[in-house]
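Data first, discussion second: the structure below is written as structure tokens.
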Amino acid sequence: MCMTADNGTGSDSVSRRTVIGTAAGLATVGLAGCGGGDTTTEAPADTPDENGGGSDETTETTETTETGPTPNDTALEVLHAWTGGDGAAAIEELTSMFKEEYPDLATNFRPIGGTGNATLDSVVARRLANRNPPAAWQAWPGQNITQYGGLLANITDIWEENGYVDSMNSMAAEQCQLNGEYRSMPIGSHRMNNLFYNVHVFEEAGVDPDSVDSPSALLDAFETIGEETDADPMTHAMSSTWPTLQLVFQNFLGLEGGYDAYMNFIEGDVDQEHLTEALEITAEMLQNHINSDASTISFTEGNQQMMEGNAGSIQQGNWAYGMYRAEDSGVEYQTDWDWMAYPGTEDMYMLHIDAFTFARDTETPVKQKTWAEFVGTADAQVAFGNLKGCIPLRTDIDTSRLTDFLALNAEHLANKEKFPPTIAHGLALPPEQMDAAMTAIGNNFMGPYDVEAAASALTDAVSQ
Amino acid sequence: MARTQDAVAESGSTATGYGWQQRLRRFWKSDFLRSSPYWAIPLAIMGLAVYGGIIWNFLISLTDYEGFLQPPDYSQLDFGMYVQALGDPAVFSTGKNTFVLLLAFTTVSLVLGLFLAILLDRDIRQKSKVQTIYLLPMALSFVVTAQFWLWIYNFNNGIANRVIGVFGLGPISWLGDQTIVLWAIIFALMWQFSGYAMVVYLAGLRAIPDEHYEAAKVDGASTVKMYWRVIIPQLKGATISAAVVLMVFGMKAFDFLYSLVGGYRPPNGADILATKMVREAYANLNWAYGAAIAIVLFAMALGVIGPYLVYEYRRNNL
């Protein structure tokens, strides 16, 4: 009603307000139309129907959007999860080495924070679902990359041309394959079957580390430590489920016949007796021999307790080593802290691999391959490994370039023969089964320790 | 004026060609179109981002979309995901936890907020400073509060166990014991939000005229009876609006739980629908199943807000 009197212009002419309003309305409609475009729901024509059908792949490798080997101006986008501490320093060194060697290539290295790669995986999943993948991202190879299937680039040519097929650790090379083709390039490995212990606590308790050669011997050692000292025999973090999942399988591997039982377990063939015994030993450890505030601490806090002598030992992947060799850590290798293979697993190197994985439909295939090749070089791996505290996967490097502790593990990696892949970090089980295994532990083995329920839930998890 | 002339002219004209031009003119000048720059833009944004998102989510939950090797197949829609959700014991237990969290958190926050409001309303000294102190926790981010409640609940040296140790009660594993972890979390959330309930109740209390208090006193009511019989029933409106807001906050407990453990898997016994949904969608890549759980959570939220909207509508407040 009152609008007709407002404008002062005649009722025949269109008012300014109307023009502006209509223009804004049309702009919004236009934006709405454009915005829906890139989240395509139709499959690109070449998406295979099943997980990476091998024959579909080989036709794609030579298809590029660029003429010849000249890279274009689009920046190479690499996502990773190393946002702090050792990892950040290591990736910084790696990327500056890359930029020094290839100063003309535009790059965009993006860190995505969050523990256990969970947030990084979500971001990658979302971008892959929108068919807008990054050129490369950090991912655990092995069973973890089966979820990506045909969306991964085939980099077999990089592996073959540079001789990585022979120079990389054989198990790592196997883990980086999917359907017979290489899809990942490993940058470093962390050993999982470690028991880091505080030398002083063990001396005070009168426990000889060499005598601890099986999980039951470890339990006896824990009892002695608990009686003779004030320290908690072992520190363990239970605010998340994965350290407990790790520990269960350390005990699994440490028992007699562990390696064969483990390799069968991850294929779905479960030795119930063996699993039950491992769970029982773990339950005994967690009920009686760990710190009482386990449910509210993370492994870094626990590790700190071990360094200070309030706990005798910690079972963790050897990223824990990063805290020991910090300059202000106050602990020295072999004087204050030492390492032993988890009791019973002395002849194994339990494998965890950090690797880069590559998307097939990327705008920067040339830069992508350059990055893949760079990651596999000995210099890159040594530089990254020394800063991150992980072990290079190349078997032909001069181990004197690494710190003492890393050199020891690098020799083991080059010379041992048993490399059980880790469950808790994606190598041994595909994501859904790994999640089921985590749920099995989370529901049954975190407070009251129900061995039977956990055993049956774990069996169900790998039988999916 | 012009309109009636137009109408007369229209009914009189025989050529229908003029008719639609007149109608277009009228439409062009109507309030509807002239006010459209004001409501159309927010409507478009809301429609696309919120309602469009919800509808698309519902569509996905009707497909079998999982992983990302194949796009969702919209040609075969069924309620299979909902059947699976109803049969999944994890959905039931997390749904139960969500429900308990909502109810307990809201009730306890309201009660504590009411108690604080009544105290403050009786004019204590430094009233505005005390009010601000109680309201401040709401300004804190969930990430911050999650970390320091982790410290407070630490078994060995957290304040919680120290305090109850003073009364001779043994140290309790607040987050490790799965029967009490949910209540420990509810307590932490209530600490953060009872300030909001207090503020709402203070406003409600101020709206009650002083004569009611005096009349009650004259009639010989004790303080407790006065509050219970006279004052609190008049706070119904404030209670309902605070309850709705608190329930919505309760459903956002995902932020707190995620920050507590740094991942999508809360301590055993504190898993709620929101964390289960994120795990299913982003860890297991079961998009359709995650979408179905999202719709279930949405239905729960509607069940909370819906009656409130109806109630307000009936009172002509909308």
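Following the order of the structure tokens, first chain is A, next is B, and so on, with residues numbered from 1 inside each chain and ligands from 1 in the order they appear.
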Which residues are near Arg265 (chain B)? Cut-off 7 Å, only C-alpha atoms, ignore same chain within fewer than 2 positions. Put them as a PyMOL selection string. chain B and resi 263+267+275
Chain B residues within 8 Å of chain A, counting only C-alpha atoms: which ones, as a VMD selection string? chain B and resid 29 31 34 36 to 37 40 to 41 44 48 67 to 72 150 to 151 153 to 156 173 175 to 178 261 to 263 265 to 268 282 to 285
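One finds CA of Thr146 (chain A) at 19.8 Å from CA of Asp460 (chain A).
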Using only C-alpha atoms, which residues sit within 10 Å of Glu273 (chain A) once same-chain residues fewer than 5 positions away are excluded, as a CSV table (one decimal) with N, CA and C atoms, in the first residue's frame?
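Listed below is the output, around39.csv:
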```
chain,number,residue,atom,x,y,z
A,278,ALA,N,46.7,-64.0,23.5
A,278,ALA,CA,47.3,-62.6,23.4
A,278,ALA,C,46.4,-61.6,24.1
A,279,LEU,N,45.1,-61.8,24.0
A,279,LEU,CA,44.2,-60.8,24.7
A,279,LEU,C,44.3,-61.0,26.2
A,455,ALA,N,37.7,-61.1,21.5
A,455,ALA,CA,38.2,-62.1,20.5
A,455,ALA,C,37.1,-62.3,19.4
```
Straight-line distance linking CA of Ala294 (chain B) with CA of Met46 (chain B), stated in Å to one decimal: 18.7 Å
Shell of 9 Å around Met138 (chain B), only C-alpha atoms, local chain residues under 2 positions omitted, as an mmCIF file with C-alpha atoms, in the first residue's frame:
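Heads up, here's the output in selection08.cif:
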```cif
data_model
loop_
_atom_site.group_PDB
_atom_site.id
_atom_site.type_symbol
_atom_site.label_atom_id
_atom_site.label_comp_id
_atom_site.auth_asym_id
_atom_site.auth_seq_id
_atom_site.Cartn_x
_atom_site.Cartn_y
_atom_site.Cartn_z
ATOM 1 C CA TYR B 134 28.740 -17.196 35.268
ATOM 2 C CA LEU B 135 28.113 -16.341 31.647
ATOM 3 C CA LEU B 136 31.748 -16.315 30.505
ATOM 4 C CA LEU B 140 34.933 -20.447 25.427
ATOM 5 C CA SER B 141 35.499 -22.723 22.499
ATOM 6 C CA TRP B 191 29.282 -26.057 33.435
ATOM 7 C CA GLN B 192 29.581 -24.285 30.147
ATOM 8 C CA PHE B 193 25.931 -23.568 29.501
ATOM 9 C CA SER B 194 24.103 -23.060 32.744
ATOM 10 C CA GLY B 195 25.133 -19.406 32.492
ATOM 11 C CA TYR B 196 22.878 -19.111 29.482
#
```
Extract the full set of helix (DSSP H, G or I) residues from region 78-274 of chain B according to DSSP on the backbone, and format it as a ChimeraX atom specification. /B:80-87,89-121,127-139,142-152,159-166,181-206,210-218,223-251,253-261,273-274
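Of note, CA of Glu277 (chain A) and CA of Gln250 (chain A) are spaced 12.1 Å apart.
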So that I can see what lies close to Gly204 (chain B), please list as a PyMOL selection string the residues with an atom at most 10 Å from it, counting only C-alpha atoms and leaving out residues fewer than 6 positions away in the same chain. chain B and resi 117+198+231-232+234-239
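Residues with any atom within 10 Å of Ile118 (chain B), counting only C-alpha atoms and excluding same-chain neighbours fewer than 4 positions away, are Leu112, Gly113, Leu114, Arg122, Asp123, Met198, Tyr201, Leu202, Leu205, Tyr227, Ile231 and Ile232 of chain B.
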Could you give me, as a CSV table (one decimal) with C-alpha atoms, in the first residue's frame, the residues within 12 Å of Met306 (chain A), counting only C-alpha atoms and dropping anything in the same chain fewer than 5 positions from it?
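Output (around.csv):
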```
chain,number,residue,atom,x,y,z
A,195,LEU,CA,59.6,-51.5,23.6
A,196,PHE,CA,61.4,-48.4,24.7
A,197,TYR,CA,62.5,-48.6,28.3
A,198,ASN,CA,64.1,-46.5,31.0
A,199,VAL,CA,67.5,-47.9,31.8
A,200,HIS,CA,67.5,-46.6,35.3
A,201,VAL,CA,64.2,-48.1,36.3
A,202,PHE,CA,65.2,-51.5,34.9
A,231,ALA,CA,57.5,-46.5,38.8
A,232,ASP,CA,54.6,-47.8,36.8
A,233,PRO,CA,56.1,-50.8,34.9
A,234,MET,CA,54.6,-49.6,31.6
A,235,THR,CA,52.9,-46.4,30.5
A,236,HIS,CA,50.0,-46.7,28.1
A,290,ILE,CA,50.1,-49.6,33.8
A,291,ASN,CA,49.6,-46.0,35.0
A,299,PHE,CA,51.0,-41.3,24.3
A,300,THR,CA,53.1,-38.1,24.3
A,301,GLU,CA,52.3,-37.5,28.0
A,311,ALA,CA,57.3,-45.4,34.1
A,312,GLY,CA,59.5,-48.2,33.2
A,313,SER,CA,58.6,-48.8,29.6
A,314,ILE,CA,56.4,-47.8,26.7
A,315,GLN,CA,55.2,-49.8,23.7
A,316,GLN,CA,54.8,-47.5,20.8
A,320,ALA,CA,58.3,-41.9,20.1
A,321,TYR,CA,62.0,-41.7,19.4
A,323,MET,CA,60.8,-37.0,21.8
A,324,TYR,CA,63.9,-38.6,23.1
A,329,SER,CA,64.7,-34.0,26.3
A,330,GLY,CA,67.2,-34.7,29.0
A,331,VAL,CA,67.7,-38.3,28.1
A,336,ASP,CA,68.9,-43.1,30.0
A,337,TRP,CA,66.6,-44.8,27.5
A,338,ASP,CA,67.1,-47.9,25.4
```
From the set B:Val218, B:Ala160, B:Ile186, B:Ile295, which residue has the shortest atom-to-atom contact distance to Phe99 (chain B), counting only C-alpha atoms? B:Ile186
Expected answer as a VMD selection string: strand (DSSP E) residues in region 189-362 of chain A: chain A and resid 189 to 191 194 to 198 232 to 235 311 to 314 337 to 341 351 to 358
Produce a file of the selected residues containing N, CA and C atoms, as a PDB file, in the first residue's frame.
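The resulting file, result_12.pdb, is reproduced below:
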```
ATOM      1  N   SER A 189      59.547 -45.243   6.987  1.00  0.00           N
ATOM      2  CA  SER A 189      58.864 -46.295   7.722  1.00  0.00           C
ATOM      3  C   SER A 189      59.119 -46.125   9.208  1.00  0.00           C
ATOM      4  N   HIS A 190      58.106 -46.405  10.001  1.00  0.00           N
ATOM      5  CA  HIS A 190      58.307 -46.455  11.441  1.00  0.00           C
ATOM      6  C   HIS A 190      58.162 -47.900  11.866  1.00  0.00           C
ATOM      7  N   ARG A 191      59.049 -48.334  12.677  1.00  0.00           N
ATOM      8  CA  ARG A 191      58.937 -49.699  13.168  1.00  0.00           C
ATOM      9  C   ARG A 191      57.933 -49.735  14.293  1.00  0.00           C
ATOM     10  N   ASN A 194      58.310 -52.158  19.000  1.00  0.00           N
ATOM     11  CA  ASN A 194      59.346 -51.617  19.877  1.00  0.00           C
ATOM     12  C   ASN A 194      58.892 -51.668  21.310  1.00  0.00           C
ATOM     13  N   LEU A 195      59.866 -51.817  22.204  1.00  0.00           N
ATOM     14  CA  LEU A 195      59.617 -51.549  23.607  1.00  0.00           C
ATOM     15  C   LEU A 195      60.732 -50.600  24.031  1.00  0.00           C
ATOM     16  N   PHE A 196      60.380 -49.356  24.244  1.00  0.00           N
ATOM     17  CA  PHE A 196      61.366 -48.395  24.742  1.00  0.00           C
ATOM     18  C   PHE A 196      61.338 -48.465  26.261  1.00  0.00           C
ATOM     19  N   TYR A 197      62.496 -48.514  26.865  1.00  0.00           N
ATOM     20  CA  TYR A 197      62.461 -48.629  28.321  1.00  0.00           C
ATOM     21  C   TYR A 197      63.468 -47.683  28.954  1.00  0.00           C
ATOM     22  N   ASN A 198      63.208 -47.373  30.212  1.00  0.00           N
ATOM     23  CA  ASN A 198      64.056 -46.470  30.972  1.00  0.00           C
ATOM     24  C   ASN A 198      65.136 -47.300  31.668  1.00  0.00           C
ATOM     25  N   ASP A 232      55.577 -46.917  37.431  1.00  0.00           N
ATOM     26  CA  ASP A 232      54.641 -47.819  36.769  1.00  0.00           C
ATOM     27  C   ASP A 232      55.433 -48.663  35.790  1.00  0.00           C
ATOM     28  N   PRO A 233      55.239 -49.957  35.778  1.00  0.00           N
ATOM     29  CA  PRO A 233      56.054 -50.785  34.881  1.00  0.00           C
ATOM     30  C   PRO A 233      55.929 -50.385  33.416  1.00  0.00           C
ATOM     31  N   MET A 234      54.728 -50.027  32.995  1.00  0.00           N
ATOM     32  CA  MET A 234      54.573 -49.601  31.617  1.00  0.00           C
ATOM     33  C   MET A 234      53.600 -48.443  31.584  1.00  0.00           C
ATOM     34  N   THR A 235      53.835 -47.502  30.692  1.00  0.00           N
ATOM     35  CA  THR A 235      52.879 -46.435  30.515  1.00  0.00           C
ATOM     36  C   THR A 235      52.118 -46.670  29.222  1.00  0.00           C
ATOM     37  N   ALA A 311      57.828 -44.122  34.717  1.00  0.00           N
ATOM     38  CA  ALA A 311      57.313 -45.356  34.136  1.00  0.00           C
ATOM     39  C   ALA A 311      58.492 -46.112  33.574  1.00  0.00           C
ATOM     40  N   GLY A 312      58.386 -47.442  33.594  1.00  0.00           N
ATOM     41  CA  GLY A 312      59.534 -48.235  33.183  1.00  0.00           C
ATOM     42  C   GLY A 312      59.665 -48.406  31.693  1.00  0.00           C
ATOM     43  N   SER A 313      58.548 -48.462  30.985  1.00  0.00           N
ATOM     44  CA  SER A 313      58.649 -48.754  29.564  1.00  0.00           C
ATOM     45  C   SER A 313      57.421 -48.229  28.857  1.00  0.00           C
ATOM     46  N   ILE A 314      57.516 -48.214  27.535  1.00  0.00           N
ATOM     47  CA  ILE A 314      56.366 -47.845  26.721  1.00  0.00           C
ATOM     48  C   ILE A 314      56.434 -48.634  25.435  1.00  0.00           C
ATOM     49  N   TRP A 337      67.683 -44.030  28.129  1.00  0.00           N
ATOM     50  CA  TRP A 337      66.617 -44.799  27.505  1.00  0.00           C
ATOM     51  C   TRP A 337      67.255 -45.785  26.553  1.00  0.00           C
ATOM     52  N   ASP A 338      66.591 -46.895  26.359  1.00  0.00           N
ATOM     53  CA  ASP A 338      67.104 -47.856  25.397  1.00  0.00           C
ATOM     54  C   ASP A 338      65.940 -48.516  24.700  1.00  0.00           C
ATOM     55  N   TRP A 339      66.266 -49.303  23.709  1.00  0.00           N
ATOM     56  CA  TRP A 339      65.248 -49.898  22.878  1.00  0.00           C
ATOM     57  C   TRP A 339      65.452 -51.393  22.836  1.00  0.00           C
ATOM     58  N   MET A 340      64.358 -52.139  22.846  1.00  0.00           N
ATOM     59  CA  MET A 340      64.470 -53.553  22.490  1.00  0.00           C
ATOM     60  C   MET A 340      63.290 -53.886  21.604  1.00  0.00           C
ATOM     61  N   ALA A 341      63.496 -54.876  20.739  1.00  0.00           N
ATOM     62  CA  ALA A 341      62.352 -55.342  19.968  1.00  0.00           C
ATOM     63  C   ALA A 341      61.347 -55.910  20.957  1.00  0.00           C
ATOM     64  N   LEU A 351      56.026 -53.539  10.159  1.00  0.00           N
ATOM     65  CA  LEU A 351      56.134 -52.457   9.194  1.00  0.00           C
ATOM     66  C   LEU A 351      54.996 -51.455   9.298  1.00  0.00           C
ATOM     67  N   HIS A 352      55.373 -50.201   9.275  1.00  0.00           N
ATOM     68  CA  HIS A 352      54.426 -49.112   9.102  1.00  0.00           C
ATOM     69  C   HIS A 352      55.066 -48.223   8.048  1.00  0.00           C
ATOM     70  N   ILE A 353      54.301 -47.789   7.076  1.00  0.00           N
ATOM     71  CA  ILE A 353      54.887 -46.999   5.999  1.00  0.00           C
ATOM     72  C   ILE A 353      54.102 -45.711   5.820  1.00  0.00           C
ATOM     73  N   ASP A 354      54.818 -44.620   5.684  1.00  0.00           N
ATOM     74  CA  ASP A 354      54.208 -43.369   5.227  1.00  0.00           C
ATOM     75  C   ASP A 354      54.573 -43.223   3.763  1.00  0.00           C
ATOM     76  N   ALA A 355      53.599 -42.974   2.936  1.00  0.00           N
ATOM     77  CA  ALA A 355      53.876 -42.913   1.507  1.00  0.00           C
ATOM     78  C   ALA A 355      53.025 -41.838   0.878  1.00  0.00           C
ATOM     79  N   PHE A 356      53.404 -41.469  -0.331  1.00  0.00           N
ATOM     80  CA  PHE A 356      52.582 -40.546  -1.107  1.00  0.00           C
ATOM     81  C   PHE A 356      51.843 -41.331  -2.170  1.00  0.00           C
ATOM     82  N   THR A 357      50.600 -41.008  -2.340  1.00  0.00           N
ATOM     83  CA  THR A 357      49.746 -41.669  -3.313  1.00  0.00           C
ATOM     84  C   THR A 357      49.276 -40.631  -4.308  1.00  0.00           C
ATOM     85  N   PHE A 358      49.011 -41.070  -5.537  1.00  0.00           N
ATOM     86  CA  PHE A 358      48.805 -40.108  -6.617  1.00  0.00           C
ATOM     87  C   PHE A 358      47.467 -40.319  -7.291  1.00  0.00           C
TER      88      PHE A 358
END
```
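Checking B:Leu43, B:Ala85, B:Ala242, B:Ile208 one by one against Ser61 (chain B), counting only C-alpha atoms, you find the shortest gap at B:Ala85.
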